[in-house]
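> The file below is entry_14.txt, compact mmCIF, C-alpha atoms:
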```
# COMPACT_ATOMS: atom_id res chain seq x y z
CA MET A 1 -2.42 26.15 12.33
CA ARG A 2 -4.31 26.09 9.02
CA SER A 3 -7.79 24.58 8.58
CA GLY A 4 -7.42 22.66 11.82
CA ILE A 5 -4.25 20.90 10.69
CA ARG A 6 -1.24 20.83 12.97
CA LEU A 7 2.11 19.60 11.69
CA LEU A 8 4.17 17.87 14.36
CA ILE A 9 7.88 17.76 13.66
CA ALA A 10 10.11 15.92 16.07
CA SER A 11 13.42 17.56 15.21
CA THR A 12 15.76 18.30 12.36
CA TRP A 13 16.78 14.65 12.20
CA ALA A 14 13.87 12.58 13.41
CA MET A 15 10.32 13.29 12.37
CA VAL A 16 6.99 11.61 12.83
CA LEU A 17 3.41 11.56 11.66
CA LEU A 18 1.50 14.70 10.98
CA GLY A 19 -1.95 14.47 12.51
CA LEU A 20 -5.36 16.10 12.28
CA LEU A 21 -6.32 17.37 15.73
CA GLY A 22 -9.86 18.50 14.92
CA GLY A 23 -9.96 21.07 17.71
CA PHE A 24 -9.67 18.53 20.56
CA ASP A 25 -9.19 20.03 24.04
CA PRO A 26 -5.72 19.01 25.35
CA SER A 27 -6.96 19.27 28.96
CA TRP A 28 -7.85 15.55 28.71
CA ALA A 29 -4.84 14.76 30.92
CA GLN A 30 -6.71 15.95 34.00
CA GLN A 31 -9.86 13.94 33.21
CA GLY A 32 -10.92 10.31 33.47
CA GLY A 33 -8.48 7.42 33.39
CA GLY A 34 -7.98 3.77 32.49
CA GLY A 35 -10.42 1.31 33.97
CA SER A 36 -13.78 3.05 33.33
CA SER A 37 -16.36 1.02 31.44
CA LEU A 38 -16.29 3.74 28.80
CA THR A 39 -12.51 3.89 28.56
CA PRO A 40 -11.04 3.01 25.14
CA GLU A 41 -8.59 0.13 24.88
CA VAL A 42 -5.53 -0.47 22.71
CA LEU A 43 -5.74 -4.10 21.58
CA PHE A 44 -2.48 -4.30 19.66
CA VAL A 45 0.19 -2.32 17.82
CA ASP A 46 1.41 -3.82 14.56
CA PHE A 47 4.70 -2.25 13.51
CA PRO A 48 7.97 -3.59 11.99
CA GLN A 49 10.83 -4.30 14.38
CA GLN A 50 13.18 -2.51 12.02
CA ILE A 51 12.79 0.54 9.77
CA PRO A 52 15.25 2.41 7.53
CA SER A 53 16.96 5.44 9.05
CA ASP A 54 16.70 7.38 5.78
CA GLY A 55 13.56 9.41 6.44
CA SER A 56 11.22 7.11 4.53
CA LYS A 57 7.73 6.60 5.93
CA VAL A 58 6.91 3.29 7.57
CA PHE A 59 3.27 2.50 8.32
CA GLY A 60 1.89 0.71 11.34
CA ARG A 61 -1.55 -0.21 12.68
CA VAL A 62 -3.29 0.13 16.03
CA GLY A 63 -6.17 -2.16 16.96
CA PHE A 64 -8.75 -0.64 19.32
CA GLN A 65 -12.12 -1.05 20.98
CA ASP A 66 -14.31 1.57 22.68
CA THR A 67 -17.77 1.01 24.13
CA ASP A 68 -19.15 4.47 23.39
CA ALA A 69 -17.26 4.93 20.10
CA ASP A 70 -15.92 8.43 20.79
CA ILE A 71 -12.13 8.15 20.51
CA ALA A 72 -10.84 11.60 19.52
CA LEU A 73 -7.08 11.49 20.04
CA VAL A 74 -4.20 9.06 19.86
CA LYS A 75 -0.96 10.00 21.61
CA PHE A 76 2.48 8.52 20.99
CA ASP A 77 4.87 9.29 23.85
CA VAL A 78 8.60 8.58 23.81
CA VAL A 79 9.90 5.99 26.24
CA GLU A 80 13.36 5.68 24.73
CA ALA A 81 15.09 7.38 21.78
CA THR A 82 18.21 9.31 20.88
CA ASP A 83 16.45 12.04 18.94
CA PHE A 84 12.68 11.78 18.66
CA ALA A 85 9.63 13.61 19.98
CA PRO A 86 6.08 12.74 21.01
CA PHE A 87 3.23 13.27 18.57
CA SER A 88 -0.55 12.96 18.47
CA PHE A 89 -3.42 13.19 16.01
CA ASN A 90 -7.12 12.50 15.56
CA PRO A 91 -7.45 9.01 14.03
CA LYS A 92 -10.92 9.87 12.66
CA ILE A 93 -12.58 6.76 14.09
CA GLU A 94 -15.43 8.34 16.08
CA GLY A 95 -18.57 6.23 15.69
CA ARG A 96 -16.59 2.97 15.58
CA LYS A 97 -16.58 0.69 18.61
CA GLU A 98 -13.69 -1.44 17.35
CA GLY A 99 -11.33 -1.72 14.44
CA VAL A 100 -7.92 -0.61 13.21
CA PHE A 101 -6.38 2.72 12.24
CA GLU A 102 -2.99 3.52 10.71
CA PHE A 103 -0.06 5.75 11.58
CA PHE A 104 3.43 6.22 10.24
CA VAL A 105 6.81 7.21 11.61
CA PHE A 106 10.16 8.02 10.09
CA SER A 107 13.64 8.69 11.40
CA LYS A 108 16.66 10.21 9.73
CA ILE A 109 19.19 8.78 12.16
CA ALA A 110 19.99 5.26 13.31
CA GLN A 111 18.55 4.73 16.78
CA ARG A 112 16.52 2.49 19.07
CA ILE A 113 13.02 3.89 19.59
CA SER A 114 10.41 2.85 22.18
CA LEU A 115 7.00 4.51 22.12
CA LYS A 116 3.81 4.09 24.09
CA VAL A 117 0.42 4.70 22.51
CA THR A 118 -2.60 6.00 24.41
CA LEU A 119 -6.18 6.52 23.20
CA VAL A 120 -8.29 9.39 24.57
CA ASP A 121 -12.04 9.90 24.09
CA ASN A 122 -14.15 13.03 24.06
CA ALA A 123 -14.80 12.76 27.81
CA GLY A 124 -11.09 12.62 28.56
CA ASN A 125 -11.02 8.91 29.36
CA ALA A 126 -7.56 7.59 28.53
CA SER A 127 -6.64 4.00 27.78
CA PHE A 128 -3.82 2.20 29.51
CA PRO A 129 -0.70 2.86 27.37
CA LYS A 130 0.68 0.08 25.19
CA GLU A 131 4.42 0.15 24.53
CA PHE A 132 6.25 -1.00 21.39
CA SER A 133 9.84 -0.71 20.19
CA PHE A 134 11.75 -0.75 16.91
CA ASP A 135 15.19 0.02 15.50
CA ALA A 136 15.91 2.63 12.85
CA VAL A 137 18.90 1.31 10.91
CA SER A 138 20.86 2.21 7.79
CA LEU A 139 19.91 -0.07 4.90
CA ILE A 140 22.53 1.15 2.47
CA GLU A 141 26.27 1.61 2.17
CA PHE A 142 27.05 4.85 0.35
CA PHE A 143 30.12 4.87 -1.91
CA ARG A 144 30.27 8.05 -3.97
CA GLN A 145 28.44 10.57 -6.10
CA TRP A 146 29.23 12.94 -8.94
CA GLY A 147 27.56 15.57 -11.07
CA SER A 148 25.97 19.02 -10.80
CA LEU A 149 23.69 21.21 -12.88
CA GLY A 150 25.27 22.61 -16.02
CA SER A 151 26.67 21.98 -19.46
CA GLY A 152 30.31 21.43 -18.58
CA ASN A 153 32.14 18.14 -18.49
CA GLY A 154 30.59 15.87 -15.86
CA GLN A 155 27.56 18.13 -15.42
CA PHE A 156 23.96 17.32 -16.33
CA LYS A 157 20.79 19.06 -17.49
CA ASP A 158 17.91 16.58 -17.18
CA ILE A 159 19.45 13.11 -16.96
CA GLY A 160 17.64 10.70 -19.26
CA GLY A 161 18.98 7.24 -18.42
CA LEU A 162 21.91 5.08 -17.31
CA ALA A 163 23.68 2.04 -18.72
CA LEU A 164 26.55 -0.14 -17.54
CA ASP A 165 29.09 -1.94 -19.74
CA PRO A 166 30.93 -5.21 -18.97
CA GLN A 167 33.97 -3.24 -17.76
CA GLY A 168 31.91 -1.31 -15.21
CA ASN A 169 31.82 2.00 -17.07
CA ILE A 170 28.65 4.07 -16.68
CA TYR A 171 26.92 5.83 -19.58
CA VAL A 172 24.56 8.75 -18.92
CA THR A 173 22.20 10.34 -21.42
CA ASP A 174 22.18 14.09 -20.82
CA PHE A 175 18.79 15.03 -22.29
CA ASP A 176 18.93 18.85 -22.42
CA ASN A 177 22.61 18.86 -23.34
CA HIS A 178 21.85 16.37 -26.16
CA ARG A 179 24.81 14.16 -25.41
CA VAL A 180 26.07 10.96 -23.83
CA GLN A 181 28.72 11.05 -21.12
CA LYS A 182 30.82 8.01 -20.22
CA PHE A 183 32.34 7.62 -16.75
CA SER A 184 34.69 5.12 -15.20
CA PRO A 185 33.37 3.14 -12.20
CA ASP A 186 34.79 5.78 -9.83
CA GLY A 187 33.01 8.63 -11.63
CA THR A 188 35.90 9.93 -13.75
CA LEU A 189 34.74 11.33 -17.10
CA VAL A 190 36.10 9.14 -19.90
CA ALA A 191 34.32 10.34 -23.04
CA THR A 192 31.45 12.48 -24.28
CA TRP A 193 29.70 12.62 -27.64
CA GLY A 194 26.64 13.98 -29.39
CA GLY A 195 25.50 17.58 -29.63
CA ARG A 196 22.11 18.62 -30.94
CA GLY A 197 21.31 17.67 -34.49
CA ALA A 198 19.79 15.06 -36.78
CA ILE A 199 22.80 13.88 -38.76
CA PRO A 200 24.41 10.56 -37.80
CA GLY A 201 26.26 10.86 -34.50
CA ARG A 202 24.29 13.89 -33.36
CA LEU A 203 21.52 13.60 -30.76
CA ASP A 204 18.19 15.26 -30.03
CA GLY A 205 16.69 14.51 -26.63
CA PRO A 206 18.47 11.24 -25.78
CA LEU A 207 16.63 9.23 -23.11
CA GLY A 208 17.04 5.45 -22.93
CA ILE A 209 20.46 3.86 -23.25
CA ALA A 210 21.66 0.25 -23.25
CA VAL A 211 24.85 -1.75 -23.79
CA ASP A 212 25.11 -5.17 -25.46
CA ASN A 213 27.55 -7.96 -24.62
CA GLN A 214 30.05 -6.65 -27.18
CA GLY A 215 30.07 -3.19 -25.62
CA SER A 216 28.06 -1.44 -28.33
CA ILE A 217 25.85 1.42 -27.13
CA TYR A 218 22.21 1.94 -28.16
CA VAL A 219 20.55 5.32 -27.56
CA ALA A 220 16.83 6.09 -27.84
CA GLU A 221 16.40 9.59 -29.25
CA ALA A 222 13.02 11.09 -28.44
CA GLY A 223 13.55 14.15 -30.64
CA ASN A 224 14.78 12.33 -33.74
CA ARG A 225 12.49 9.31 -33.22
CA ARG A 226 15.25 6.84 -33.81
CA ILE A 227 17.77 4.46 -32.27
CA GLN A 228 21.46 5.13 -32.78
CA LYS A 229 24.20 2.57 -32.25
CA PHE A 230 27.72 3.62 -31.21
CA THR A 231 30.99 2.05 -30.19
CA SER A 232 31.91 2.28 -26.52
CA GLU A 233 33.92 5.42 -27.32
CA GLY A 234 31.09 7.12 -29.15
CA ALA A 235 31.89 6.40 -32.79
CA TYR A 236 28.72 6.23 -34.89
CA LEU A 237 27.84 2.79 -36.28
CA LEU A 238 24.25 2.93 -37.57
CA ASP A 239 20.72 4.14 -36.86
CA TRP A 240 17.11 3.27 -37.61
CA GLY A 241 13.64 4.71 -37.14
CA THR A 242 11.43 7.56 -38.31
CA PHE A 243 8.28 9.22 -36.99
CA GLY A 244 5.14 7.11 -37.35
CA ASN A 245 3.13 4.12 -36.15
CA ASP A 246 4.26 1.45 -38.59
CA PRO A 247 6.73 -1.31 -37.67
CA GLY A 248 10.16 0.21 -37.16
CA GLN A 249 8.77 3.71 -36.60
CA PHE A 250 8.48 5.64 -33.33
CA ASN A 251 6.42 8.42 -31.77
CA TYR A 252 8.54 9.06 -28.68
CA PRO A 253 11.02 6.28 -27.88
CA THR A 254 12.00 6.43 -24.21
CA GLY A 255 13.47 3.13 -23.06
CA VAL A 256 15.84 0.64 -24.68
CA ALA A 257 17.21 -2.72 -23.51
CA VAL A 258 19.21 -5.59 -25.03
CA ASP A 259 18.66 -9.30 -24.41
CA ARG A 260 21.37 -11.98 -24.21
CA ALA A 261 21.02 -12.71 -27.93
CA GLY A 262 21.74 -9.06 -28.76
CA ASN A 263 18.21 -8.17 -29.82
CA VAL A 264 17.15 -4.59 -29.04
CA TYR A 265 13.85 -3.75 -27.30
CA VAL A 266 12.40 -0.25 -27.51
CA VAL A 267 9.39 1.09 -25.61
CA ASP A 268 7.44 4.04 -26.99
CA GLN A 269 5.96 6.40 -24.40
CA THR A 270 3.21 7.78 -26.62
CA THR A 271 1.83 4.53 -28.06
CA GLY A 272 2.64 2.05 -25.29
CA VAL A 273 4.13 -0.27 -27.91
CA ILE A 274 7.29 -2.36 -27.47
CA GLN A 275 9.27 -3.19 -30.60
CA VAL A 276 12.08 -5.70 -31.02
CA PHE A 277 14.94 -5.38 -33.51
CA SER A 278 18.04 -7.27 -34.49
CA PRO A 279 21.43 -5.73 -33.57
CA THR A 280 21.48 -4.16 -37.05
CA GLY A 281 18.02 -2.63 -36.75
CA THR A 282 15.94 -5.19 -38.61
CA PHE A 283 12.38 -5.20 -37.29
CA LEU A 284 11.44 -8.52 -35.64
CA ARG A 285 8.16 -8.10 -33.74
CA ARG A 286 6.12 -5.79 -31.58
CA TRP A 287 3.35 -5.85 -28.99
CA GLY A 288 1.43 -3.61 -26.59
CA ALA A 289 -1.03 -0.75 -26.67
CA GLY A 290 -1.97 2.27 -24.63
CA GLY A 291 -4.33 1.78 -21.69
CA SER A 292 -4.60 0.43 -18.16
CA GLY A 293 -5.73 -3.14 -18.77
CA ASP A 294 -3.59 -6.25 -18.45
CA GLY A 295 -0.58 -5.89 -20.72
CA GLN A 296 -1.42 -2.31 -21.65
CA LEU A 297 0.84 0.63 -20.89
CA SER A 298 0.40 4.32 -20.11
CA ASN A 299 3.39 6.61 -20.69
CA PRO A 300 5.97 3.84 -20.17
CA MET A 301 9.48 5.18 -19.69
CA ASP A 302 11.88 2.27 -19.31
CA LEU A 303 12.35 -1.48 -19.59
CA ALA A 304 14.84 -4.13 -18.48
CA ILE A 305 15.44 -7.79 -19.37
CA ASP A 306 16.66 -10.43 -16.91
CA VAL A 307 18.71 -13.58 -17.58
CA SER A 308 15.51 -15.63 -17.88
CA ASN A 309 14.23 -13.37 -20.67
CA ASN A 310 11.58 -11.65 -18.58
CA VAL A 311 10.89 -8.12 -19.78
CA TYR A 312 9.99 -5.63 -17.03
CA VAL A 313 8.46 -2.30 -18.04
CA ALA A 314 8.15 0.83 -15.93
CA ASP A 315 4.50 1.60 -16.69
CA THR A 316 4.83 5.15 -15.43
CA GLY A 317 1.32 6.45 -16.07
CA ASN A 318 -0.30 3.40 -14.45
CA HIS A 319 2.10 3.48 -11.46
CA ARG A 320 3.12 -0.15 -11.83
CA ILE A 321 5.63 -2.63 -13.20
CA VAL A 322 4.44 -4.92 -16.01
CA ASN A 323 6.14 -8.23 -16.85
CA PHE A 324 6.23 -9.75 -20.33
CA GLY A 325 8.03 -12.59 -22.02
CA THR A 326 10.36 -11.65 -24.86
CA ASP A 327 7.63 -12.86 -27.23
CA GLY A 328 5.24 -10.30 -25.78
CA ALA A 329 3.23 -12.69 -23.62
CA PHE A 330 1.74 -10.89 -20.60
CA LEU A 331 3.09 -12.52 -17.43
CA GLY A 332 1.92 -10.26 -14.63
CA GLN A 333 2.11 -6.85 -13.00
CA TRP A 334 2.36 -5.22 -9.58
CA GLY A 335 2.06 -1.83 -7.97
CA ALA A 336 -0.54 0.90 -7.61
CA GLU A 337 -0.52 4.64 -7.13
CA GLY A 338 0.50 5.66 -3.62
CA SER A 339 3.31 5.91 -1.08
CA ARG A 340 2.70 2.72 0.89
CA ASP A 341 4.99 -0.30 0.71
CA GLY A 342 5.05 -1.65 -2.83
CA GLN A 343 3.22 1.33 -4.29
CA PHE A 344 4.60 3.88 -6.75
CA MET A 345 4.27 7.47 -7.80
CA GLU A 346 5.37 7.58 -11.45
CA PRO A 347 7.99 4.80 -11.47
CA ARG A 348 10.50 5.94 -14.03
CA GLY A 349 13.39 3.47 -14.22
CA VAL A 350 13.70 -0.29 -13.86
CA ALA A 351 16.73 -2.61 -13.63
CA VAL A 352 17.47 -6.24 -12.80
CA ASP A 353 20.39 -7.96 -11.08
CA PHE A 354 21.98 -11.34 -11.83
CA GLU A 355 19.77 -12.98 -9.18
CA GLY A 356 16.63 -11.90 -11.02
CA ASN A 357 15.59 -9.20 -8.55
CA VAL A 358 13.91 -6.08 -9.91
CA TYR A 359 14.84 -2.54 -8.86
CA VAL A 360 12.57 0.45 -9.46
CA ALA A 361 13.35 4.17 -9.41
CA ASP A 362 10.16 5.49 -7.79
CA ARG A 363 10.34 9.06 -8.97
CA GLY A 364 7.40 10.63 -7.13
CA ASN A 365 8.18 8.93 -3.81
CA HIS A 366 11.90 9.83 -4.06
CA ARG A 367 13.00 6.28 -3.30
CA ILE A 368 14.32 3.02 -4.68
CA ALA A 369 12.47 -0.28 -4.23
CA LYS A 370 13.74 -3.84 -4.68
CA PHE A 371 11.40 -6.71 -5.58
CA SER A 372 11.62 -10.41 -6.31
CA SER A 373 10.88 -11.38 -9.92
CA ASP A 374 7.23 -12.03 -9.00
CA GLY A 375 6.76 -8.63 -7.37
CA LYS A 376 7.33 -9.35 -3.69
CA LEU A 377 8.77 -6.27 -1.98
CA LEU A 378 12.23 -7.06 -0.57
CA ALA A 379 13.44 -3.61 0.46
CA GLN A 380 12.92 0.07 -0.17
CA TRP A 381 14.89 3.12 0.87
CA GLY A 382 15.22 6.83 0.26
CA SER A 383 13.39 10.06 0.95
CA ALA A 384 13.34 13.54 -0.53
CA GLY A 385 16.59 15.40 0.03
CA SER A 386 20.10 16.08 -1.19
CA GLY A 387 22.12 14.16 1.39
CA GLN A 388 23.84 10.84 0.90
CA GLY A 389 21.25 8.19 0.11
CA GLU A 390 18.51 10.79 -0.35
CA PHE A 391 16.91 11.51 -3.72
CA LEU A 392 15.00 14.12 -5.64
CA GLU A 393 13.08 12.43 -8.44
CA PRO A 394 15.30 9.42 -9.15
CA ILE A 395 14.59 8.42 -12.74
CA ASP A 396 16.84 5.48 -13.60
CA LEU A 397 19.26 2.96 -12.13
CA VAL A 398 21.59 0.09 -13.02
CA VAL A 399 23.02 -2.73 -10.90
CA ASN A 400 26.43 -4.37 -11.41
CA ALA A 401 27.55 -7.93 -10.67
CA GLN A 402 28.53 -6.96 -7.10
CA LEU A 403 25.00 -5.60 -6.54
CA VAL A 404 26.30 -2.03 -6.45
CA ILE A 405 23.52 0.32 -7.56
CA TYR A 406 24.02 3.46 -9.66
CA VAL A 407 21.08 5.87 -9.38
CA ALA A 408 20.28 8.78 -11.70
CA ASP A 409 19.24 11.34 -9.06
CA GLU A 410 17.75 13.77 -11.55
CA GLY A 411 16.51 16.45 -9.16
CA ASN A 412 19.97 16.70 -7.63
CA HIS A 413 21.67 16.51 -11.06
CA ARG A 414 23.97 13.70 -9.95
CA VAL A 415 24.68 9.99 -10.01
CA GLN A 416 24.77 8.24 -6.64
CA VAL A 417 26.52 4.93 -6.02
CA LEU A 418 25.37 2.74 -3.14
CA LYS A 419 24.69 -0.83 -2.06
CA LEU A 420 21.92 -2.44 -0.07
CA LYS A 421 23.32 -3.96 3.10
CA THR A 422 22.88 -7.67 3.63
CA ARG A 423 20.77 -8.46 6.67
```
Once you've parsed the file, please lay out its structure as structure tokens.

Amino acid sequence: MRSGIRLLIASTWAMVLLGLLGGFDPSWAQQGGGGSSLTPEVLFVDFPQQIPSDGSKVFGRVGFQDTDADIALVKFDVVEATDFAPFSFNPKIEGRKEGVFEFFVFSKIAQRISLKVTLVDNAGNASFPKEFSFDAVSLIEFFRQWGSLGSGNGQFKDIGGLALDPQGNIYVTDFDNHRVQKFSPDGTLVATWGGRGAIPGRLDGPLGIAVDNQGSIYVAEAGNRRIQKFTSEGAYLLDWGTFGNDPGQFNYPTGVAVDRAGNVYVVDQTTGVIQVFSPTGTFLRRWGAGGSGDGQLSNPMDLAIDVSNNVYVADTGNHRIVNFGTDGAFLGQWGAEGSRDGQFMEPRGVAVDFEGNVYVADRGNHRIAKFSSDGKLLAQWGSAGSGQGEFLEPIDLVVNAQLVIYVADEGNHRVQVLKLKTR
């Protein structure tokens, strides 16, 4: 125990909330009982009927009332489960006669779980237990993965971004190896190009990458402050950009995307500015500024464009997604800093599918989230780890026409391929 904090771990595979006990005497079980006028009461338990079995936290709420406002402990006992354990904590609600407090649970295996919750006050009076049940289920179908740490073929040192071409090939910017690697849909290495340098065809700190409808590849180089255009096999075509703040110049270009007309959008992490170019690099327009107000950006890292010409930006420093029109008009935003549903901790990558849904690589929460185009949370999955469907700092993702998702799992130096199950 450290500073009165006890960590309760159910098992290797199923774990639950960690609670503050505050020095409460566990001998409550021999005192009091339900039915006293001073006994606390559980009014309701609000919890989803289904949670992911991937170790991600799912929050619930308990409604309570207590005449003398001295609830000191909440206990969750197991009624039914394959691999789970009871847990308890101090909900920190002393002094409140009624209200709501939160808890969370998570499971790393698929199972049916029934729990009963009991409230205990300082005198040892215990409420009548209230039972609730839910299913922990797998939300994803895992297909494959590839990659490891290193500089060899198929290895990565700080993945920068992912792109997908019309044939289903995957392109990966390998930031610290200063190269692009191209893989077939099954993860077979097809081509590699780059190498550190500033001459045409060389790369310095490649991050964002995008593919147009003709299969040409655009790479945002943070080190050289430019965009380079290549053939699908890595042959150099052209480049544009220098260091600066004028139109066509960059401070630290991080994300690149291409619309259906072939125009190229580049987001600059340092300035928060988005610039638009023709396929040959002619400057067309720009918008944005650094900040946290509507339409402003703080350390943005990526952007994606849907079939309706909505531009979605991973506003990493502000922990949100910002939506613009292709003309720069501010359309909306969602998200806030945190680990609750719909919140982010440094969202790094963003992608869209053909249905207009938005996917976010939530780096700090080690998970992927799926939203409707207006920001309604549809699903989220993932937790910190190196197993199948687990992530360590996912930083980018792409989605193909079959809704198969490729995730740049940077902390594990790999690409994972998976699909969200239809429910």
> Determine the nearest neighbour of Phe106 in chain A from the options A:Ser37, A:Ser383, A:Asn365, A:Gln214, counting all atoms listed in the file.
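Once distances to Phe106 in chain A are computed over all atoms listed in the file, the minimum belongs to A:Ser383.
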> Please provide the set of residues having any atom within 7 Å of Asp259 in chain A, restricted to only C-alpha atoms, with same-chain residues fewer than 4 positions apart removed, written as number ranges by chain.
A: 263-264, 305
> Taking (14.9, -0.8, 17.9) in the file's coordinates as the center, which residues reach within 12 Å of it, counting only C-alpha atoms, put as a list of chain:residue names?
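The requested residues, written out, are A:Phe47, A:Pro48, A:Gln49, A:Gln50, A:Ile51, A:Pro52, A:Ser53, A:Val79, A:Glu80, A:Ala81, A:Thr82, A:Ser107, A:Ile109, A:Ala110, A:Gln111, A:Arg112, A:Ile113, A:Ser114, A:Leu115, A:Phe132, A:Ser133, A:Phe134, A:Asp135, A:Ala136, A:Val137.
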> Neighbouring residues of Ala401 in chain A were defined as those with any atom within 10 Å, considering all atoms listed in the file; residues of the same chain fewer than 5 positions away were excluded. Please report them as a list in words.
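In the requested format, the answer is Pro166, Gly168, Asp353, Phe354 and Glu355 of chain A.
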> Can you list, as a ChimeraX atom specification, every protein, DNA or RNA residue that comes within 6 Å of Pro40 in chain A when you count only C-alpha atoms, leaving out same-chain residues fewer than 2 positions away?
/A:65-66,127
> Name the closest residue to Ile217 in chain A among the candidates A:Phe84, A:Trp193, A:Trp240, A:Tyr171; distances are taken between atoms, counting only C-alpha atoms.
A:Tyr171
> Hey, what's within 8 Å of Asp77 in chain A if we count only C-alpha atoms and toss same-chain stuff fewer than 3 positions away? As a list in words, please?
Ala85, Pro86, Phe87, Leu115, Lys116 and Val117 of chain A
> Counting all atoms listed in the file, which residue out of A:Ala235, A:Ala361, A:Val190, A:Val266 sits closest to Glu410 in chain A?
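That would be A:Ala361, the residue with the smallest distance to Glu410 in chain A.
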> Can you work out the spacing between CA of Leu377 in chain A and CA of Trp334 in chain A in Å, to one decimal?
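Spanning CA of Leu377 in chain A to CA of Trp334 in chain A is a straight-line distance of 10.0 Å.
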> A:Leu119, A:Leu43, A:Ile227, A:Leu139: which is nearest Glu98 in chain A, counting only C-alpha atoms?
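Among the listed residues, the smallest separation from Glu98 in chain A belongs to A:Leu43.
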> Measure the distance from CA of Met301 in chain A to CA of Arg363 in chain A in Å and round it to one decimal.
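Answer for the CA of Met301 in chain A to CA of Arg363 in chain A separation: 11.4 Å.
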> Using all atoms listed in the file, which of the listed residues (A:Thr39, A:Gln343, A:Ser56, A:Thr271) sits closest to Lys376 in chain A?
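Counting all atoms listed in the file, the residue closest to Lys376 in chain A is A:Gln343.
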> So that I can see what lies close to Ile71 in chain A, please list as a list in words the residues with an atom at most 6 Å from it, counting all atoms listed in the file and leaving out residues fewer than 4 positions away in the same chain.
Glu94, Val120 and Asp121 of chain A
> Which distance in Å separates CA of Leu73 in chain A and CA of Asn125 in chain A, to one decimal?
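Atom-to-atom, CA of Leu73 in chain A to CA of Asn125 in chain A, that is 10.4 Å.
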> Determine the nearest neighbour of Glu393 in chain A from the options A:Asp341, A:Asp294, A:Asp158, A:Asp246, counting only C-alpha atoms.
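Once distances to Glu393 in chain A are computed over only C-alpha atoms, the minimum belongs to A:Asp158.
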